[in-house]
$ cat data.tsv   # TSV, C-alpha atoms
chain	number	residue	atom	x	y	z
P	777	MET	CA	-3.36	-32.91	-26.30
P	778	GLY	CA	-6.55	-34.79	-25.58
P	779	ASN	CA	-8.15	-35.32	-28.99
P	780	LEU	CA	-6.86	-32.03	-30.39
P	781	GLU	CA	-3.74	-31.68	-32.50
P	782	TYR	CA	-2.06	-28.32	-31.95
P	783	SER	CA	-0.27	-26.51	-34.75
P	784	ASN	CA	2.89	-24.48	-34.23
P	785	PRO	CA	2.09	-20.96	-32.93
P	786	THR	CA	2.51	-18.13	-35.42
P	787	SER	CA	2.60	-15.31	-32.87
P	788	LEU	CA	3.80	-14.61	-29.34
P	789	ASP	CA	0.36	-14.37	-27.75
P	790	VAL	CA	-0.65	-17.77	-29.14
P	791	ALA	CA	2.64	-19.27	-27.90
P	792	PHE	CA	1.88	-18.02	-24.37
P	793	ASP	CA	-1.58	-19.57	-24.53
P	794	LEU	CA	-0.27	-22.90	-25.80
P	795	ILE	CA	2.50	-23.12	-23.20
P	796	GLY	CA	-0.01	-22.32	-20.49
P	797	ASP	CA	-2.34	-25.08	-21.70
P	798	VAL	CA	0.48	-27.63	-21.93
P	799	SER	CA	1.72	-26.69	-18.45
P	800	MET	CA	-1.70	-27.11	-16.87
P	801	ASN	CA	-2.22	-30.41	-18.66
P	802	ALA	CA	1.19	-31.83	-17.79
P	803	ALA	CA	1.04	-30.66	-14.17
P	804	SER	CA	-2.26	-32.51	-13.80
P	805	CYS	CA	-0.53	-35.78	-14.71
P	806	GLN	CA	2.15	-35.74	-12.02
P	807	TYR	CA	3.06	-34.79	-8.47
P	808	GLY	CA	5.99	-32.49	-7.87
P	809	GLY	CA	7.57	-29.57	-9.68
P	810	PHE	CA	7.04	-28.76	-13.35
P	811	SER	CA	9.77	-26.62	-14.96
P	812	LEU	CA	9.77	-24.51	-18.10
P	813	SER	CA	13.44	-24.14	-18.96
P	814	GLU	CA	14.98	-21.00	-20.50
P	815	ILE	CA	11.70	-19.38	-21.46
P	816	ASP	CA	13.57	-16.34	-22.83
P	817	LYS	CA	15.07	-18.50	-25.60
P	818	LEU	CA	11.85	-20.48	-25.99
P	819	LEU	CA	9.63	-17.43	-26.58
P	820	ALA	CA	12.00	-15.28	-28.68
P	821	PRO	CA	11.25	-16.94	-32.07
P	822	TYR	CA	7.54	-16.28	-31.59
P	823	ALA	CA	8.28	-12.70	-30.56
P	824	GLU	CA	10.13	-12.31	-33.86
P	825	LEU	CA	7.09	-13.62	-35.75
P	826	SER	CA	4.86	-11.09	-33.99
P	827	TYR	CA	7.41	-8.33	-34.64
P	828	GLN	CA	7.36	-9.04	-38.37
P	829	LYS	CA	3.54	-9.08	-38.34
P	830	TYR	CA	3.43	-5.68	-36.62
P	831	LEU	CA	6.00	-4.25	-39.04
P	832	LYS	CA	3.84	-5.31	-41.98
P	833	GLU	CA	0.78	-3.86	-40.26
P	834	TYR	CA	2.54	-0.50	-39.90
P	835	TYR	CA	3.91	-0.48	-43.46
P	836	ASP	CA	0.55	-1.43	-44.97
P	837	THR	CA	-1.06	1.53	-43.19
P	838	VAL	CA	1.65	4.08	-43.98
P	839	ARG	CA	2.11	3.01	-47.60
P	840	VAL	CA	-1.33	4.42	-48.40
P	841	TYR	CA	-0.15	7.93	-47.52
P	842	THR	CA	3.60	8.08	-48.16
P	843	GLU	CA	6.71	6.25	-49.34
P	844	ILE	CA	8.68	3.98	-47.03
P	845	THR	CA	11.65	6.13	-45.98
P	846	ASP	CA	14.33	5.52	-43.34
P	847	THR	CA	12.32	7.64	-40.91
P	848	VAL	CA	9.26	5.50	-41.54
P	849	LYS	CA	11.35	2.37	-40.96
P	850	GLU	CA	12.54	3.73	-37.59
P	851	GLU	CA	8.97	4.53	-36.56
P	852	ALA	CA	7.84	1.09	-37.72
P	853	ASP	CA	10.51	-0.55	-35.58
P	854	LYS	CA	9.42	1.46	-32.53
P	855	TYR	CA	5.78	0.57	-33.16
P	856	ALA	CA	6.44	-3.16	-33.64
P	857	THR	CA	8.81	-3.38	-30.68
P	858	LYS	CA	6.29	-1.65	-28.41
P	859	LYS	CA	3.57	-4.06	-29.51
P	860	VAL	CA	5.79	-7.10	-28.83
P	861	TYR	CA	6.66	-5.68	-25.40
P	862	ARG	CA	2.95	-5.42	-24.63
P	863	ASP	CA	2.40	-9.01	-25.80
P	864	TYR	CA	5.11	-10.13	-23.36
P	865	GLU	CA	3.43	-8.19	-20.53
P	866	GLN	CA	0.03	-9.67	-21.22
P	867	GLY	CA	1.50	-13.16	-21.69
P	868	PHE	CA	3.31	-13.22	-18.36
P	869	GLN	CA	0.32	-11.67	-16.60
P	870	GLY	CA	-1.83	-14.41	-18.13
P	871	TRP	CA	0.51	-17.12	-16.84
P	872	GLU	CA	0.46	-15.63	-13.35
P	873	MET	CA	-3.33	-15.45	-13.31
P	874	LYS	CA	-3.71	-18.97	-14.72
P	875	PHE	CA	-1.13	-20.69	-12.49
P	876	ASN	CA	-2.42	-19.02	-9.31
P	877	SER	CA	-6.17	-19.18	-9.85
P	878	VAL	CA	-6.96	-22.27	-11.94
P	879	SER	CA	-6.51	-25.57	-10.16
P	880	SER	CA	-5.33	-28.64	-12.02
P	881	SER	CA	-7.53	-31.72	-12.38
P	882	ARG	CA	-5.93	-33.03	-9.16
P	883	GLY	CA	-7.45	-30.10	-7.28
P	884	ASP	CA	-4.26	-28.15	-6.53
P	885	TYR	CA	-2.48	-25.29	-8.30
P	886	PRO	CA	0.27	-26.44	-10.69
P	887	PHE	CA	3.65	-26.29	-8.96
P	888	THR	CA	5.47	-24.49	-11.77
P	889	SER	CA	8.90	-22.95	-12.19
P	890	ILE	CA	10.45	-21.01	-15.08
P	891	SER	CA	14.09	-20.16	-15.77
P	892	PHE	CA	15.69	-17.45	-17.90
P	893	GLY	CA	18.60	-15.02	-18.09
P	894	LEU	CA	21.15	-16.37	-20.58
P	895	GLY	CA	19.49	-15.17	-23.79
P	896	THR	CA	21.31	-12.14	-25.21
P	897	SER	CA	19.23	-11.16	-28.25
P	898	LYS	CA	16.73	-8.30	-28.31
P	899	PHE	CA	13.64	-10.42	-27.72
P	900	GLU	CA	15.36	-12.84	-25.33
P	901	THR	CA	16.44	-10.08	-22.97
P	902	MET	CA	13.03	-8.45	-23.35
P	903	ALA	CA	11.39	-11.67	-22.18
P	904	SER	CA	13.58	-11.87	-19.07
P	905	SER	CA	13.13	-8.19	-18.24
P	906	VAL	CA	9.35	-8.11	-18.70
P	907	CYS	CA	8.88	-11.36	-16.76
P	908	MET	CA	10.56	-9.80	-13.71
P	909	LYS	CA	8.74	-6.49	-14.15
P	910	VAL	CA	5.37	-8.26	-14.12
P	911	ARG	CA	6.31	-10.24	-10.99
P	912	LYS	CA	7.59	-7.14	-9.23
P	913	ASN	CA	4.45	-5.12	-9.99
P	914	GLY	CA	2.16	-7.83	-8.61
P	915	GLN	CA	-1.44	-8.77	-9.36
P	916	GLY	CA	-4.72	-7.40	-8.05
P	917	LYS	CA	-6.56	-4.10	-7.80
P	918	ASP	CA	-4.67	-0.83	-7.68
P	919	GLY	CA	-3.54	-0.23	-4.14
P	920	PHE	CA	-3.81	-3.94	-3.29
P	921	LYS	CA	-1.33	-5.48	-5.72
P	922	HIS	CA	1.06	-8.11	-4.43
P	923	PRO	CA	3.51	-10.56	-6.07
P	924	VAL	CA	2.15	-14.03	-6.77
P	925	LEU	CA	3.76	-17.36	-5.94
P	926	PHE	CA	3.70	-19.26	-9.25
P	927	PRO	CA	5.52	-19.71	-11.45
P	928	LYS	CA	8.67	-19.69	-9.35
P	929	LEU	CA	11.40	-17.68	-11.08
P	930	SER	CA	15.00	-18.83	-11.56
P	931	PHE	CA	17.68	-16.55	-13.00
P	932	PHE	CA	20.70	-18.15	-14.69
P	933	TYR	CA	23.80	-16.13	-13.78
P	934	ASP	CA	26.87	-16.35	-16.01
P	935	GLU	CA	29.72	-14.16	-14.81
P	936	ASN	CA	30.90	-13.79	-18.41
P	937	ILE	CA	27.54	-12.30	-19.40
P	938	HIS	CA	26.15	-10.68	-16.24
P	939	GLY	CA	29.35	-9.75	-14.40
P	940	GLU	CA	30.55	-6.21	-13.79
P	941	GLY	CA	30.97	-4.37	-17.07
P	942	LYS	CA	29.58	-7.27	-19.11
P	943	GLU	CA	26.86	-7.21	-21.77
P	944	LEU	CA	23.92	-8.06	-19.52
P	945	GLU	CA	24.99	-6.55	-16.21
P	946	TRP	CA	21.87	-4.37	-16.45
P	947	LEU	CA	19.64	-7.46	-16.56
P	948	PHE	CA	21.26	-8.88	-13.42
P	949	ASP	CA	20.68	-5.52	-11.72
P	950	GLU	CA	16.99	-5.81	-12.64
P	951	ALA	CA	16.92	-9.31	-11.17
P	952	ILE	CA	18.38	-8.03	-7.87
P	953	ASP	CA	15.77	-5.27	-7.76
P	954	CYS	CA	13.01	-7.83	-8.44
P	955	SER	CA	14.29	-10.08	-5.64
P	956	SER	CA	14.28	-7.17	-3.22
P	957	LYS	CA	10.57	-6.60	-3.88
P	958	ALA	CA	9.19	-10.08	-4.64
P	959	MET	CA	11.67	-12.56	-3.06
P	960	TYR	CA	12.22	-14.11	-6.50
P	961	PRO	CA	14.00	-14.90	-8.76
P	962	ASP	CA	16.24	-17.53	-7.24
P	963	TYR	CA	19.73	-17.55	-8.73
P	964	ILE	CA	21.44	-20.48	-10.44
P	965	SER	CA	25.14	-19.94	-11.09
P	966	CYS	CA	26.51	-21.20	-14.40
P	967	THR	CA	30.10	-20.22	-13.67
P	968	GLY	CA	30.59	-21.12	-10.00
P	969	ASP	CA	31.23	-24.54	-8.49
P	970	GLY	CA	28.92	-27.50	-8.13
P	971	TYR	CA	26.64	-29.77	-10.15
P	972	GLY	CA	24.81	-27.19	-12.28
P	973	PRO	CA	27.86	-25.10	-13.24
P	974	SER	CA	29.87	-28.23	-14.07
P	975	MET	CA	27.17	-29.32	-16.56
P	976	TYR	CA	27.08	-25.85	-18.11
P	977	LYS	CA	30.86	-25.62	-18.43
P	978	LYS	CA	31.21	-29.11	-19.88
P	979	TYR	CA	28.19	-29.35	-22.18
P	980	GLY	CA	26.84	-25.82	-22.48
P	981	LYS	CA	23.51	-27.06	-21.09
P	982	THR	CA	21.61	-25.53	-18.19
P	983	ILE	CA	20.02	-27.43	-15.32
P	984	SER	CA	16.67	-25.86	-14.40
P	985	ARG	CA	15.42	-26.39	-10.87
P	986	MET	CA	12.03	-27.80	-10.05
P	987	GLY	CA	9.60	-25.55	-8.17
P	988	CYS	CA	10.90	-26.80	-4.83
P	989	ARG	CA	14.48	-25.79	-5.73
P	990	ALA	CA	15.48	-29.46	-6.15
P	991	ASN	CA	17.55	-30.80	-9.04
P	992	LEU	CA	16.86	-34.00	-10.90
P	993	SER	CA	19.59	-36.63	-10.85
P	994	PRO	CA	22.01	-36.70	-13.82
P	995	TRP	CA	20.61	-38.51	-16.86
P	996	TYR	CA	22.61	-39.16	-20.00
P	997	GLU	CA	20.98	-38.67	-23.40
P	998	ARG	CA	21.88	-42.15	-24.70
P	999	GLY	CA	23.04	-44.15	-21.73
P	1000	GLY	CA	20.53	-43.21	-19.05
P	1001	MET	CA	22.04	-43.38	-15.55
P	1002	PHE	CA	25.54	-43.98	-16.93
P	1003	PRO	CA	27.22	-42.58	-20.05
P	1004	ALA	CA	27.07	-44.85	-23.09
P	1005	ASP	CA	30.57	-43.69	-24.10
P	1006	GLU	CA	32.89	-40.74	-23.70
P	1007	ASN	CA	30.82	-38.66	-26.15
P	1008	ASP	CA	27.51	-39.13	-24.32
P	1009	LYS	CA	26.07	-35.96	-22.77

$ encode --input "data.tsv" --output "structure tokens"
Amino acid sequence: MGNLEYSNPTSLDVAFDLIGDVSMNAASCQYGGFSLSEIDKLLAPYAELSYQKYLKEYYDTVRVYTEITDTVKEEADKYATKKVYRDYEQGFQGWEMKFNSVSSSRGDYPFTSISFGLGTSKFETMASSVCMKVRKNGQGKDGFKHPVLFPKLSFFYDENIHGEGKELEWLFDEAIDCSSKAMYPDYISCTGDGYGPSMYKKYGKTISRMGCRANLSPWYERGGMFPADENDK
């Protein structure tokens, strides 16, 4: 980017910073919506790297005083998980501050949108949950906090995952609560009818909306506007 070659992030906080930089840079080069698709799945590998770093940090400290027992391992997991949770909070707060206060080189704020909801692992669901918590709590001084506008939030709903009695029904409940307080997230069905759900059912791929709730036209991986053959996606 520019004259600088970025290396792959080795922690969650660095990943947040890099994604924020890329988003600002890319949004400055275009008009219209800029979408970050399935950020829960995108960020989870970096959350795992941070988790392992925090585990080692805890073990290195405790090992000076005692042996590593099962109890110590449980406490280490709690410590590392809490630290990753805080990194998620600070990361999403940083995005909200950056996307709503720093104008792009065109002079406007980047019209950004992020989607999430389908990730089922520990750090994927944590990303979705914390993202909505940060939006719901708002930004600003105590007593004057209010939800920001960017990035727009889109929640992917899969009845087989978020439906009544399903694995992530609790996450969908959190999304509903967030919508009641902050107007977002929007909801994109993966199991209903229409363009988006048909792509998800057929290919297992999600269609993220742009910031203005519009969808891009279908585009095949090899054929472009029309499928190259029956196996083209």

$ closest_atom_pairs --input "data.tsv" --of "range 887-980 of chain P" --to "range 996-1009 of chain P" --cutoff "12 Å" --atoms "all atoms listed in the file" --output "CSV"
residue,atom,partner,partner_atom,distance
P:Met975,CA,P:Lys1009,CA,9.2
P:Tyr976,CA,P:Lys1009,CA,11.2
P:Lys978,CA,P:Lys1009,CA,9.0
P:Tyr979,CA,P:Lys1009,CA,7.0
P:Gly980,CA,P:Lys1009,CA,10.2

$ atom_distance --input "data.tsv" --atom1 "CA of Leu944 in chain P" --atom2 "CA of Ala820 in chain P"
16.7 Å

$ residues_around --input "data.tsv" --residues "range 959-969 of chain P" --least-positions-apart "6" --cutoff "8 Å" --atoms "only C-alpha atoms" --output "PyMOL selection string"
chain P and resi 908+928-935+951+976-977+982

$ closest_residue --input "data.tsv" --among "P:Ile844, P:Lys832, P:Gln806, P:Phe868" --to "Ala856 in chain P" --atoms "all atoms listed in the file"
P:Lys832

$ residues_around --input "data.tsv" --residues "Met902 in chain P" --least-positions-apart "4" --cutoff "8 Å" --atoms "all atoms listed in the file" --output "VMD selection string"
chain P and resid 816 861 898 906

$ closest_residue --input "data.tsv" --among "P:Ile937, P:Met777, P:Val924, P:Leu992" --to "Met873 in chain P" --atoms "all atoms listed in the file"
P:Val924

$ closest_residue --input "data.tsv" --among "P:Asp918, P:Asp863, P:Glu843, P:Asp953" --to "Phe792 in chain P" --atoms "all atoms listed in the file"
P:Asp863

$ residues_around --input "data.tsv" --residues "Tyr855 in chain P" --least-positions-apart "2" --cutoff "8 Å" --atoms "all atoms listed in the file" --output "ChimeraX atom specification"
/P:830-831,834,851-853,857-859

$ residues_around --input "data.tsv" --residues "Ser799 in chain P" --least-positions-apart "6" --cutoff "10 Å" --atoms "only C-alpha atoms" --output "number ranges by chain"
P: 793, 810-812, 871, 875, 880, 886-888

$ residues_around --input "data.tsv" --residues "Lys912 in chain P" --least-positions-apart "3" --cutoff "8 Å" --atoms "only C-alpha atoms" --output "VMD selection string"
chain P and resid 908 to 909 923 954 957 to 958

$ atom_distance --input "data.tsv" --atom1 "CA of Thr901 in chain P" --atom2 "CA of Glu824 in chain P"
12.8 Å

$ atom_distance --input "data.tsv" --atom1 "CA of Gly916 in chain P" --atom2 "CA of Gln869 in chain P"
10.8 Å

$ residues_near_point --input "data.tsv" --point "(14.5, -24.0, -21.5)" --cutoff "9 Å" --atoms "all atoms listed in the file" --output "list of chain:residue names"
P:Ser811, P:Leu812, P:Ser813, P:Glu814, P:Ile815, P:Asp816, P:Lys817, P:Leu818, P:Ile890, P:Ser891, P:Phe892, P:Thr982, P:Ile983, P:Ser984

$ closest_residue --input "data.tsv" --among "P:Gly778, P:Asp949, P:Ser955, P:Ser993" --to "Ala802 in chain P" --atoms "all atoms listed in the file"
P:Gly778
